[in-house]
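**Q** Contents of my_file.cif (mmCIF, C-alpha atoms) are below:
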```
data_model
#
loop_
_atom_site.label_atom_id
_atom_site.label_comp_id
_atom_site.auth_asym_id
_atom_site.auth_seq_id
_atom_site.Cartn_x
_atom_site.Cartn_y
_atom_site.Cartn_z
CA MET E 1 64.07 41.09 146.68
CA THR E 2 65.12 37.80 148.28
CA PHE E 3 68.18 36.90 150.37
CA ASP E 4 71.74 35.64 149.98
CA GLN E 5 71.76 32.23 151.62
CA ARG E 6 75.58 32.37 151.85
CA ASP E 7 75.73 35.71 153.70
CA PRO E 8 77.01 35.13 157.29
CA ALA E 9 74.73 37.88 158.59
CA PHE E 10 71.72 36.14 157.05
CA ILE E 11 72.83 32.75 158.40
CA ALA E 12 73.19 34.26 161.88
CA ASP E 13 69.59 35.55 161.83
CA PRO E 14 67.46 34.92 158.74
CA TYR E 15 64.17 35.90 160.34
CA PRO E 16 64.19 39.67 159.61
CA ALA E 17 64.76 38.86 155.91
CA PHE E 18 61.88 36.38 156.02
CA ALA E 19 59.62 39.00 157.62
CA ALA E 20 60.45 41.51 154.88
CA LEU E 21 59.65 38.90 152.22
CA ARG E 22 56.32 38.06 153.84
CA GLU E 23 55.42 41.75 153.85
CA ALA E 24 56.14 41.92 150.11
CA GLY E 25 54.26 38.76 149.14
CA GLU E 26 53.69 35.09 149.92
CA VAL E 27 55.85 33.56 147.15
CA HIS E 28 59.04 34.89 145.52
CA HIS E 29 61.40 33.59 142.86
CA HIS E 30 64.90 33.13 144.27
CA GLU E 31 67.27 33.72 141.37
CA GLN E 32 70.40 32.47 143.13
CA MET E 33 68.86 29.14 144.12
CA GLY E 34 66.75 28.85 140.97
CA VAL E 35 63.56 28.04 142.83
CA ALA E 36 60.40 29.80 144.00
CA VAL E 37 60.15 30.17 147.77
CA ALA E 38 56.93 30.30 149.80
CA VAL E 39 57.28 32.42 152.93
CA SER E 40 53.82 32.62 154.53
CA HIS E 41 52.40 29.84 156.69
CA ALA E 42 49.43 29.46 154.35
CA ALA E 43 51.57 29.22 151.22
CA CYS E 44 54.05 26.81 152.84
CA SER E 45 51.18 24.62 154.05
CA ALA E 46 49.74 24.59 150.54
CA VAL E 47 53.13 23.58 149.08
CA LEU E 48 53.48 20.69 151.54
CA ARG E 49 49.90 19.43 151.10
CA HIS E 50 49.24 19.88 147.38
CA ARG E 51 48.97 16.52 145.65
CA SER E 52 50.38 17.95 142.40
CA LEU E 53 53.53 19.12 144.20
CA GLY E 54 55.61 16.06 144.94
CA ARG E 55 59.04 14.82 145.88
CA ILE E 56 60.16 13.84 142.38
CA TRP E 57 63.70 12.52 142.59
CA SER E 58 66.10 13.42 139.82
CA ASP E 59 69.50 11.71 139.96
CA VAL E 60 72.46 13.93 140.78
CA LYS E 61 74.72 14.15 137.74
CA PRO E 62 77.06 12.92 136.48
CA VAL E 63 75.26 9.76 137.57
CA GLU E 64 78.40 7.60 137.50
CA GLN E 65 79.96 9.82 140.19
CA PHE E 66 77.00 9.62 142.57
CA MET E 67 75.87 6.00 142.34
CA SER E 68 75.35 5.45 146.08
CA PHE E 69 73.86 8.86 146.85
CA ASN E 70 71.36 8.41 144.03
CA LEU E 71 70.54 4.83 145.09
CA LEU E 72 69.69 6.01 148.61
CA HIS E 73 67.36 8.74 147.38
CA ARG E 74 65.81 6.89 144.45
CA ASN E 75 64.59 4.24 146.92
CA SER E 76 63.69 6.61 149.75
CA LEU E 77 60.27 7.04 151.28
CA LEU E 78 60.91 10.78 151.29
CA GLU E 79 61.71 11.02 147.57
CA ASN E 80 58.77 9.06 146.17
CA GLU E 81 55.10 9.76 145.53
CA PRO E 82 52.12 7.36 145.40
CA PRO E 83 51.80 4.55 144.62
CA THR E 84 55.44 3.80 145.55
CA HIS E 85 55.29 6.12 148.56
CA THR E 86 52.05 4.52 149.77
CA ARG E 87 53.57 1.04 149.70
CA LEU E 88 56.82 2.12 151.36
CA ARG E 89 55.14 4.15 154.09
CA ARG E 90 52.67 1.36 154.89
CA LEU E 91 55.49 -1.16 155.28
CA VAL E 92 57.75 1.15 157.29
CA ALA E 93 54.86 2.31 159.50
CA ALA E 94 53.93 -1.33 160.16
CA ALA E 95 57.47 -2.04 161.35
CA PHE E 96 57.56 1.18 163.39
CA GLY E 97 54.19 0.29 164.90
CA ARG E 98 55.58 -2.75 166.68
CA GLY E 99 56.18 -0.76 169.86
CA HIS E 100 59.69 0.48 169.12
CA VAL E 101 59.12 4.10 170.17
CA GLU E 102 57.56 3.26 173.53
CA ARG E 103 60.14 0.52 174.07
CA LEU E 104 62.86 3.14 173.75
CA ARG E 105 61.29 5.83 175.98
CA PRO E 106 62.91 4.78 179.32
CA TRP E 107 66.14 3.89 177.53
CA VAL E 108 66.31 7.38 175.98
CA ALA E 109 65.72 9.02 179.37
CA ASP E 110 68.54 6.98 180.94
CA LEU E 111 70.86 7.77 178.03
CA ALA E 112 70.13 11.51 178.31
CA ASP E 113 70.90 11.39 182.03
CA ARG E 114 74.24 9.65 181.40
CA LEU E 115 75.26 12.13 178.71
CA VAL E 116 74.27 15.17 180.78
CA ASP E 117 76.17 13.73 183.75
CA GLU E 118 79.27 13.63 181.53
CA LEU E 119 78.64 17.23 180.45
CA VAL E 120 78.26 18.41 184.05
CA ALA E 121 81.42 16.56 185.12
CA LYS E 122 83.34 18.21 182.29
CA ILE E 123 82.05 21.65 183.33
CA HIS E 124 83.12 21.01 186.92
CA ASP E 125 86.59 19.91 185.77
CA GLN E 126 87.26 22.46 183.04
CA GLY E 127 84.85 25.33 183.72
CA GLN E 128 82.89 24.81 180.49
CA ALA E 129 81.86 22.09 178.03
CA ASP E 130 80.21 21.75 174.64
CA LEU E 131 76.54 20.72 174.77
CA LEU E 132 76.64 19.52 171.17
CA ALA E 133 79.69 17.31 171.56
CA HIS E 134 78.56 15.73 174.83
CA VAL E 135 74.75 15.58 174.55
CA ALA E 136 73.03 16.92 171.43
CA ALA E 137 75.11 15.04 168.83
CA PRO E 138 75.62 11.63 170.52
CA LEU E 139 72.05 11.29 171.83
CA PRO E 140 70.15 10.93 168.51
CA VAL E 141 72.89 8.80 166.95
CA GLU E 142 72.75 6.36 169.86
CA VAL E 143 68.95 6.31 169.75
CA ILE E 144 68.73 5.62 166.01
CA ALA E 145 71.51 3.04 166.29
CA GLU E 146 69.61 1.30 169.10
CA LEU E 147 66.39 1.49 167.06
CA LEU E 148 68.07 -0.06 164.02
CA GLY E 149 70.07 -2.61 166.01
CA VAL E 150 73.53 -1.32 165.03
CA PRO E 151 76.12 -3.05 167.27
CA GLY E 152 77.73 -0.80 169.87
CA GLN E 153 81.24 -1.09 168.43
CA ASP E 154 80.06 0.29 165.05
CA ARG E 155 78.06 3.30 166.21
CA TYR E 156 80.94 5.75 165.94
CA LEU E 157 80.69 5.37 162.14
CA LEU E 158 77.17 6.77 161.82
CA GLN E 159 77.51 10.45 162.68
CA PRO E 160 80.36 11.21 160.23
CA TRP E 161 78.45 9.44 157.45
CA SER E 162 75.29 11.43 158.16
CA ASN E 163 77.14 14.76 158.45
CA ALA E 164 78.84 14.24 155.09
CA ILE E 165 75.74 13.08 153.20
CA VAL E 166 73.37 15.87 154.33
CA LYS E 167 75.70 18.56 153.03
CA MET E 168 74.47 17.56 149.55
CA TYR E 169 71.18 19.28 150.36
CA GLU E 170 72.82 22.71 150.39
CA TYR E 171 72.91 24.92 147.28
CA GLY E 172 76.27 25.36 145.49
CA LEU E 173 78.20 22.69 147.42
CA PRO E 174 81.90 22.53 146.37
CA ALA E 175 83.01 19.46 144.38
CA ASP E 176 85.29 18.15 147.15
CA GLN E 177 82.40 18.03 149.63
CA GLN E 178 80.20 16.37 147.03
CA ALA E 179 82.86 13.67 146.66
CA LEU E 180 82.98 13.20 150.44
CA ALA E 181 79.19 12.83 150.51
CA GLU E 182 79.29 10.12 147.84
CA ARG E 183 82.07 8.25 149.64
CA ALA E 184 80.08 8.36 152.89
CA ALA E 185 76.98 7.09 151.08
CA THR E 186 78.97 4.23 149.52
CA GLU E 187 80.40 3.16 152.89
CA PHE E 188 77.01 3.44 154.59
CA VAL E 189 75.25 1.37 151.91
CA ALA E 190 77.90 -1.37 152.15
CA TYR E 191 77.64 -1.45 155.94
CA LEU E 192 73.85 -1.67 155.94
CA ARG E 193 73.82 -4.47 153.36
CA GLU E 194 75.93 -6.48 155.81
CA LEU E 195 73.60 -5.60 158.70
CA VAL E 196 70.51 -6.60 156.68
CA ALA E 197 72.13 -9.91 155.76
CA LEU E 198 72.91 -10.53 159.43
CA ARG E 199 69.34 -9.76 160.51
CA ARG E 200 67.91 -12.06 157.83
CA LYS E 201 69.86 -14.92 159.44
CA SER E 202 69.55 -13.79 163.04
CA PRO E 203 66.59 -11.44 163.75
CA GLY E 204 66.63 -9.25 166.85
CA ASN E 205 64.31 -6.86 168.66
CA ASP E 206 65.11 -3.96 166.35
CA LEU E 207 63.65 -2.05 163.44
CA VAL E 208 65.92 -3.55 160.76
CA SER E 209 64.75 -7.05 161.75
CA ASP E 210 61.14 -5.91 161.54
CA LEU E 211 61.72 -4.15 158.20
CA VAL E 212 63.20 -7.40 156.85
CA ALA E 213 60.20 -9.37 158.12
CA VAL E 214 57.28 -7.01 157.42
CA THR E 215 54.98 -8.02 154.58
CA ASP E 216 52.20 -5.98 152.98
CA THR E 217 48.64 -7.26 152.60
CA ASP E 218 49.42 -8.27 149.02
CA GLY E 219 52.62 -10.04 150.01
CA ALA E 220 54.94 -7.20 149.00
CA ARG E 221 58.13 -6.62 150.96
CA LEU E 222 60.78 -3.93 150.95
CA THR E 223 63.55 -4.57 148.46
CA GLU E 224 67.05 -4.56 149.91
CA ASP E 225 67.73 -1.15 148.33
CA GLU E 226 64.53 0.22 149.89
CA LEU E 227 65.45 -1.23 153.25
CA VAL E 228 68.92 0.32 153.13
CA ALA E 229 67.49 3.67 151.99
CA THR E 230 64.96 3.61 154.84
CA ALA E 231 67.64 3.00 157.45
CA VAL E 232 69.80 5.82 156.08
CA LEU E 233 66.81 8.19 155.97
CA LEU E 234 65.99 7.42 159.60
CA LEU E 235 69.53 8.18 160.67
CA MET E 236 69.95 11.37 158.65
CA ALA E 237 66.51 12.81 159.41
CA GLY E 238 66.55 11.65 163.02
CA HIS E 239 70.09 12.76 163.76
CA GLU E 240 70.24 16.09 161.96
CA ALA E 241 66.85 17.34 163.12
CA THR E 242 67.24 16.31 166.77
CA VAL E 243 70.79 17.55 167.28
CA ASN E 244 69.83 20.95 165.90
CA VAL E 245 66.57 21.26 167.84
CA ILE E 246 68.53 20.62 171.03
CA GLY E 247 71.40 22.94 170.07
CA ASN E 248 69.28 25.77 168.65
CA GLY E 249 66.74 25.33 171.42
CA VAL E 250 69.13 25.50 174.36
CA PHE E 251 70.86 28.49 172.76
CA ALA E 252 67.47 30.23 172.52
CA LEU E 253 66.69 29.37 176.14
CA MET E 254 70.03 30.75 177.28
CA ARG E 255 69.20 33.98 175.44
CA HIS E 256 65.71 34.07 176.97
CA ARG E 257 66.53 33.40 180.60
CA SER E 258 62.98 33.72 181.90
CA GLN E 259 61.92 30.85 179.63
CA TRP E 260 64.76 28.61 180.84
CA GLU E 261 63.78 29.31 184.46
CA ARG E 262 60.13 28.69 183.63
CA LEU E 263 60.80 25.15 182.35
CA SER E 264 58.98 22.42 184.25
CA PRO E 265 57.86 18.83 183.61
CA GLU E 266 54.34 20.14 182.93
CA LEU E 267 55.56 22.61 180.29
CA MET E 268 58.03 20.25 178.63
CA PRO E 269 55.69 19.08 175.81
CA THR E 270 54.81 22.62 174.72
CA ALA E 271 58.44 23.71 175.21
CA VAL E 272 59.62 21.08 172.72
CA GLU E 273 57.11 22.25 170.10
CA GLU E 274 58.06 25.88 170.67
CA LEU E 275 61.78 25.22 170.24
CA ILE E 276 61.08 23.42 166.95
CA ARG E 277 59.04 26.44 165.81
CA TYR E 278 61.27 29.22 167.10
CA ASP E 279 64.47 28.25 165.26
CA SER E 280 63.68 25.51 162.79
CA PRO E 281 66.45 22.92 162.22
CA LEU E 282 65.21 22.42 158.64
CA GLN E 283 64.67 25.76 156.95
CA LEU E 284 63.65 24.71 153.45
CA PHE E 285 61.83 21.76 151.88
CA GLU E 286 61.40 21.45 148.09
CA ARG E 287 58.56 20.13 145.97
CA THR E 288 58.31 19.63 142.18
CA ALA E 289 55.13 20.28 140.18
CA THR E 290 53.69 17.29 138.33
CA GLU E 291 51.08 19.55 136.70
CA ARG E 292 50.34 23.28 136.62
CA VAL E 293 49.82 24.54 140.18
CA GLU E 294 49.05 27.96 141.59
CA ILE E 295 50.25 28.81 145.11
CA ALA E 296 49.22 32.22 146.50
CA GLY E 297 49.02 33.60 142.97
CA HIS E 298 52.37 32.16 141.86
CA VAL E 299 52.16 29.64 139.02
CA VAL E 300 54.43 26.59 139.15
CA GLU E 301 54.64 24.84 135.79
CA PRO E 302 55.18 21.05 135.47
CA GLY E 303 58.78 20.17 136.27
CA GLU E 304 59.42 23.45 138.11
CA LYS E 305 60.28 23.52 141.81
CA ILE E 306 58.90 25.48 144.71
CA ALA E 307 60.24 25.42 148.26
CA ALA E 308 58.48 25.92 151.57
CA LEU E 309 60.62 28.13 153.82
CA LEU E 310 59.71 26.48 157.10
CA GLY E 311 61.55 29.07 159.19
CA ALA E 312 59.56 31.86 157.54
CA ALA E 313 56.26 30.03 158.05
CA ALA E 314 57.12 29.59 161.73
CA ARG E 315 57.26 33.36 162.29
CA ASP E 316 54.06 34.27 160.42
CA PRO E 317 52.10 36.74 162.61
CA LEU E 318 48.84 35.68 160.97
CA VAL E 319 49.22 32.27 162.65
CA PHE E 320 51.45 32.82 165.69
CA GLU E 321 50.85 35.49 168.32
CA ASN E 322 54.05 37.49 168.90
CA PRO E 323 55.95 35.13 166.58
CA ASP E 324 59.43 36.51 167.35
CA GLU E 325 58.90 35.84 171.04
CA LEU E 326 60.01 32.55 172.61
CA ASN E 327 57.10 31.24 174.69
CA ILE E 328 57.53 27.70 176.01
CA GLY E 329 53.90 27.65 177.13
CA ARG E 330 52.56 28.49 173.66
CA GLU E 331 49.30 26.59 173.22
CA LYS E 332 48.42 27.36 169.59
CA ASN E 333 51.51 26.12 167.78
CA GLN E 334 50.83 24.91 164.26
CA HIS E 335 54.48 24.79 163.23
CA LEU E 336 55.48 22.87 160.11
CA GLY E 337 58.71 21.46 161.55
CA PHE E 338 57.68 17.85 160.89
CA GLY E 339 56.12 18.63 157.52
CA MET E 340 52.50 18.11 156.45
CA GLY E 341 50.54 15.83 154.18
CA ILE E 342 51.72 12.41 153.06
CA HIS E 343 55.37 13.20 153.85
CA TYR E 344 54.71 14.06 157.51
CA CYS E 345 57.67 12.80 159.52
CA LEU E 346 57.25 9.18 160.68
CA GLY E 347 59.91 9.70 163.33
CA ALA E 348 58.22 12.72 164.97
CA PRO E 349 57.16 10.84 168.15
CA LEU E 350 60.70 9.56 168.69
CA ALA E 351 62.23 13.00 168.04
CA ARG E 352 59.91 14.54 170.65
CA ILE E 353 60.95 11.94 173.22
CA GLU E 354 64.65 12.64 172.57
CA VAL E 355 64.39 16.43 172.81
CA GLU E 356 62.25 16.25 175.94
CA ALA E 357 64.65 13.81 177.59
CA ALA E 358 67.67 16.02 176.85
CA LEU E 359 65.97 19.22 178.01
CA SER E 360 64.56 17.62 181.16
CA SER E 361 67.88 16.15 182.17
CA LEU E 362 69.84 19.34 181.45
CA HIS E 363 67.39 21.54 183.35
CA ARG E 364 67.34 19.14 186.31
CA LYS E 365 71.08 18.54 186.54
CA LEU E 366 72.40 21.95 185.44
CA PRO E 367 69.73 24.52 186.36
CA GLY E 368 72.33 27.30 186.48
CA ALA E 369 73.52 26.70 182.91
CA VAL E 370 74.78 29.80 181.11
CA LEU E 371 76.56 30.44 177.81
CA ALA E 372 80.31 30.27 178.27
CA ALA E 373 81.02 31.69 174.80
CA GLU E 374 79.23 32.80 171.65
CA PRO E 375 78.26 29.65 169.75
CA ASN E 376 80.05 28.55 166.60
CA ARG E 377 77.33 28.52 163.94
CA ARG E 378 77.29 26.21 160.91
CA ALA E 379 77.63 27.99 157.57
CA GLU E 380 74.79 26.08 155.90
CA PHE E 381 71.31 27.53 155.41
CA VAL E 382 69.00 24.57 154.71
CA ILE E 383 70.17 22.56 157.74
CA ARG E 384 70.29 25.23 160.45
CA GLY E 385 72.44 24.54 163.46
CA LEU E 386 75.56 25.11 165.51
CA HIS E 387 79.00 23.51 165.49
CA SER E 388 79.34 24.00 169.24
CA LEU E 389 77.53 25.47 172.24
CA GLN E 390 79.80 25.98 175.22
CA LEU E 391 78.00 25.99 178.57
CA SER E 392 79.14 26.66 182.11
CA GLY E 393 77.29 27.02 185.42
CA GLU E 394 76.24 25.04 188.45
#
```
Do you think you could lay out the structure here as structure tokens?
**A**
Amino acid sequence: MTFDQRDPAFIADPYPAFAALREAGEVHHHEQMGVAVAVSHAACSAVLRHRSLGRIWSDVKPVEQFMSFNLLHRNSLLENEPPTHTRLRRLVAAAFGRGHVERLRPWVADLADRLVDELVAKIHDQGQADLLAHVAAPLPVEVIAELLGVPGQDRYLLQPWSNAIVKMYEYGLPADQQALAERAATEFVAYLRELVALRRKSPGNDLVSDLVAVTDTDGARLTEDELVATAVLLLMAGHEATVNVIGNGVFALMRHRSQWERLSPELMPTAVEELIRYDSPLQLFERTATERVEIAGHVVEPGEKIAALLGAAARDPLVFENPDELNIGREKNQHLGFGMGIHYCLGAPLARIEVEAALSSLHRKLPGAVLAAEPNRRAEFVIRGLHSLQLSGE
């Protein structure tokens, strides 16, 4: 007993299937995906923290058809284990630690206000408007572009590249979409090599300049491939997660009206965490065993994979009181939305700022927001989100 990740009914609401799996056991083998899946909070936590379960990158084949996609992942912080991961994370964290997140906080709030103003104006003119098109999608792209120092005239390129590349994380992706992902990766790599070269000659107050300049205690620096891979990871992780937390979250709030009306500046921090928990933008995260590992009685042999179903962990009644209930004041919220262990998301503080800014602005400027139509949901399972969310109201 597992689930069909391509079934539209499952995509619409996977949580009853997850609950049934948890009742039957903590880990199950998913024949269709060819991977074991952990469904309890305890088992998912163990998968994410176990030092013998790592992100072991294996090039997508045929290698000659996926040169750029493989380059990005082979050199990624997310796809490496110690000692490479330790060196990469230390260097990237050092660059991040130069005040970039706090520098961006007021800028993000102003940007959210401008985007929500455009959304409200569109609603006044046309009766309804798409939250994703006007706020949720452009906000994180602009923020990551500002963080990286991407010139304003080039920022329109980033979202299509990210959207195409992340589809490779789904199971059973058609060949034509795989080709589009590789083309996007190739174009993105070429663009970033030019940006890195520019920042070497003319540094600015941005993360790419700091990544170029940062040096480890032993004199090590990021290679150009590592620098490019880091920038792409920041965009893809930062964009995809944030757009879907905002989209999924506002949809949930529209469906739970009392929680929308309860929103306040004081509750905003716990509201952000609850929206990440309630409908996770990343449903599944894989690990590969480097030696024999046992998770909740399930043995994972070396080279075999096991996945943490983050959406299932987020509804575990052993950890969350009334887990199927949306509660923006939830105090005990040990969700796994940003991961755990050595791969815990470096961009989590920035993501929280973005989601809070968008929610605050929307609630302040459009308190009477209501759904204007049923949302158009994306067909993918791993990256959970909406294509559009039409709102109306005063």
**Q** Translate the PyMOL selection byres ((chain E and resi 261-274) around 7) into a concrete residue list for this structure, as a list of chain:residue names.
**A** E:Arg257, E:Ser258, E:Gln259, E:Trp260, E:Leu275, E:Ile276, E:Arg277, E:Tyr278, E:Asn327, E:Ile328, E:Gly329, E:Arg330, E:Glu331, E:Arg352, E:Val355, E:Glu356
**Q** Quick check on the file I pasted: which residues fall under the PyMOL selection byres ((chain E and resi 213) around 10)? Write them as a count of residues only.
**A** 15
**Q** Which residue out of E:Tyr169, E:Tyr156, E:Phe10, E:Phe251 has the minimum interatomic distance to Leu131 of chain E when all atoms listed in the file are used?
**A**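 Closest residue, counting all atoms listed in the file: E:Phe251.
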**Q** Write out as an MDAnalysis selection string each polymer residue whose atoms come within 12 Å of Glu394 of chain E, counting all atoms listed in the file; drop sequence neighbours fewer than 4 positions from it.
**A** chainID E and resid 119:125 127:128 362:371
**Q** Residues of the last selection are to be written out with C-alpha atoms, as a PDB file, in the coordinates of the input.
**A**
```
ATOM      1  CA  LEU E 119      78.640  17.230 180.450  1.00  0.00           C
ATOM      2  CA  VAL E 120      78.260  18.410 184.050  1.00  0.00           C
ATOM      3  CA  ALA E 121      81.420  16.560 185.120  1.00  0.00           C
ATOM      4  CA  LYS E 122      83.340  18.210 182.290  1.00  0.00           C
ATOM      5  CA  ILE E 123      82.050  21.650 183.330  1.00  0.00           C
ATOM      6  CA  HIS E 124      83.120  21.010 186.920  1.00  0.00           C
ATOM      7  CA  ASP E 125      86.590  19.910 185.770  1.00  0.00           C
ATOM      8  CA  GLY E 127      84.850  25.330 183.720  1.00  0.00           C
ATOM      9  CA  GLN E 128      82.890  24.810 180.490  1.00  0.00           C
ATOM     10  CA  LEU E 362      69.840  19.340 181.450  1.00  0.00           C
ATOM     11  CA  HIS E 363      67.390  21.540 183.350  1.00  0.00           C
ATOM     12  CA  ARG E 364      67.340  19.140 186.310  1.00  0.00           C
ATOM     13  CA  LYS E 365      71.080  18.540 186.540  1.00  0.00           C
ATOM     14  CA  LEU E 366      72.400  21.950 185.440  1.00  0.00           C
ATOM     15  CA  PRO E 367      69.730  24.520 186.360  1.00  0.00           C
ATOM     16  CA  GLY E 368      72.330  27.300 186.480  1.00  0.00           C
ATOM     17  CA  ALA E 369      73.520  26.700 182.910  1.00  0.00           C
ATOM     18  CA  VAL E 370      74.780  29.800 181.110  1.00  0.00           C
ATOM     19  CA  LEU E 371      76.560  30.440 177.810  1.00  0.00           C
TER      20      LEU E 371
END
```
**Q** Can you tell me how far atom CA of Tyr191 of chain E sits from atom CA of Glu240 of chain E, in Å to one decimal?
**A** 20.0 Å
**Q** Exactly which residues make up the result of the PyMOL selection byres ((chain E and resi 26-37) around 10) on this file, given as number ranges by chain?
**A** E: 1-5, 21-25, 38-44, 47, 170-172, 284-288, 295-300, 304-309, 312-313
**Q** Counting only C-alpha atoms, I want the residues whose atoms come within 8 Å of (65.9, 30.7, 157.2) in the file frame, returned as a PyMOL selection string.
**A** chain E and resi 10-11+13-15+18+280+283-284+309-312+381-382+384
**Q** Have a look at E:Val250, E:Leu195, E:Ala220, E:Leu104 and name the one nearest to Pro375 of chain E; count all atoms listed in the file.
**A**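 Once distances to Pro375 of chain E are computed over all atoms listed in the file, the minimum belongs to E:Val250.
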**Q** Show me, as a compact mmCIF listing (two decimals) with C-alpha atoms, in the frame of the given file, the residues that have an atom within 9 Å of Glu118 of chain E when counting only C-alpha atoms, minus same-chain residues fewer than 5 positions from it.
**A**
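The result, written out as out-v7.txt:
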```txt
# COMPACT_ATOMS: atom_id res chain seq x y z
CA ASP E 113 70.90 11.39 182.03
CA ILE E 123 82.05 21.65 183.33
CA HIS E 134 78.56 15.73 174.83
CA VAL E 135 74.75 15.58 174.55
```
**Q** Fewer than 2 positions away in the same chain doesn't count, so skip those; otherwise give me all residues within 9 Å of Ala137 of chain E, counting all atoms listed in the file, as a CSV table (one decimal) with C-alpha atoms, in the frame of the given file.
**A**
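Dumped to out-v3.csv:
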```
chain,number,residue,atom,x,y,z
E,131,LEU,CA,76.5,20.7,174.8
E,132,LEU,CA,76.6,19.5,171.2
E,133,ALA,CA,79.7,17.3,171.6
E,134,HIS,CA,78.6,15.7,174.8
E,135,VAL,CA,74.8,15.6,174.6
E,139,LEU,CA,72.0,11.3,171.8
E,140,PRO,CA,70.2,10.9,168.5
E,141,VAL,CA,72.9,8.8,167.0
E,159,GLN,CA,77.5,10.4,162.7
E,239,HIS,CA,70.1,12.8,163.8
E,240,GLU,CA,70.2,16.1,162.0
E,242,THR,CA,67.2,16.3,166.8
E,243,VAL,CA,70.8,17.6,167.3
E,244,ASN,CA,69.8,21.0,165.9
E,246,ILE,CA,68.5,20.6,171.0
E,247,GLY,CA,71.4,22.9,170.1
```
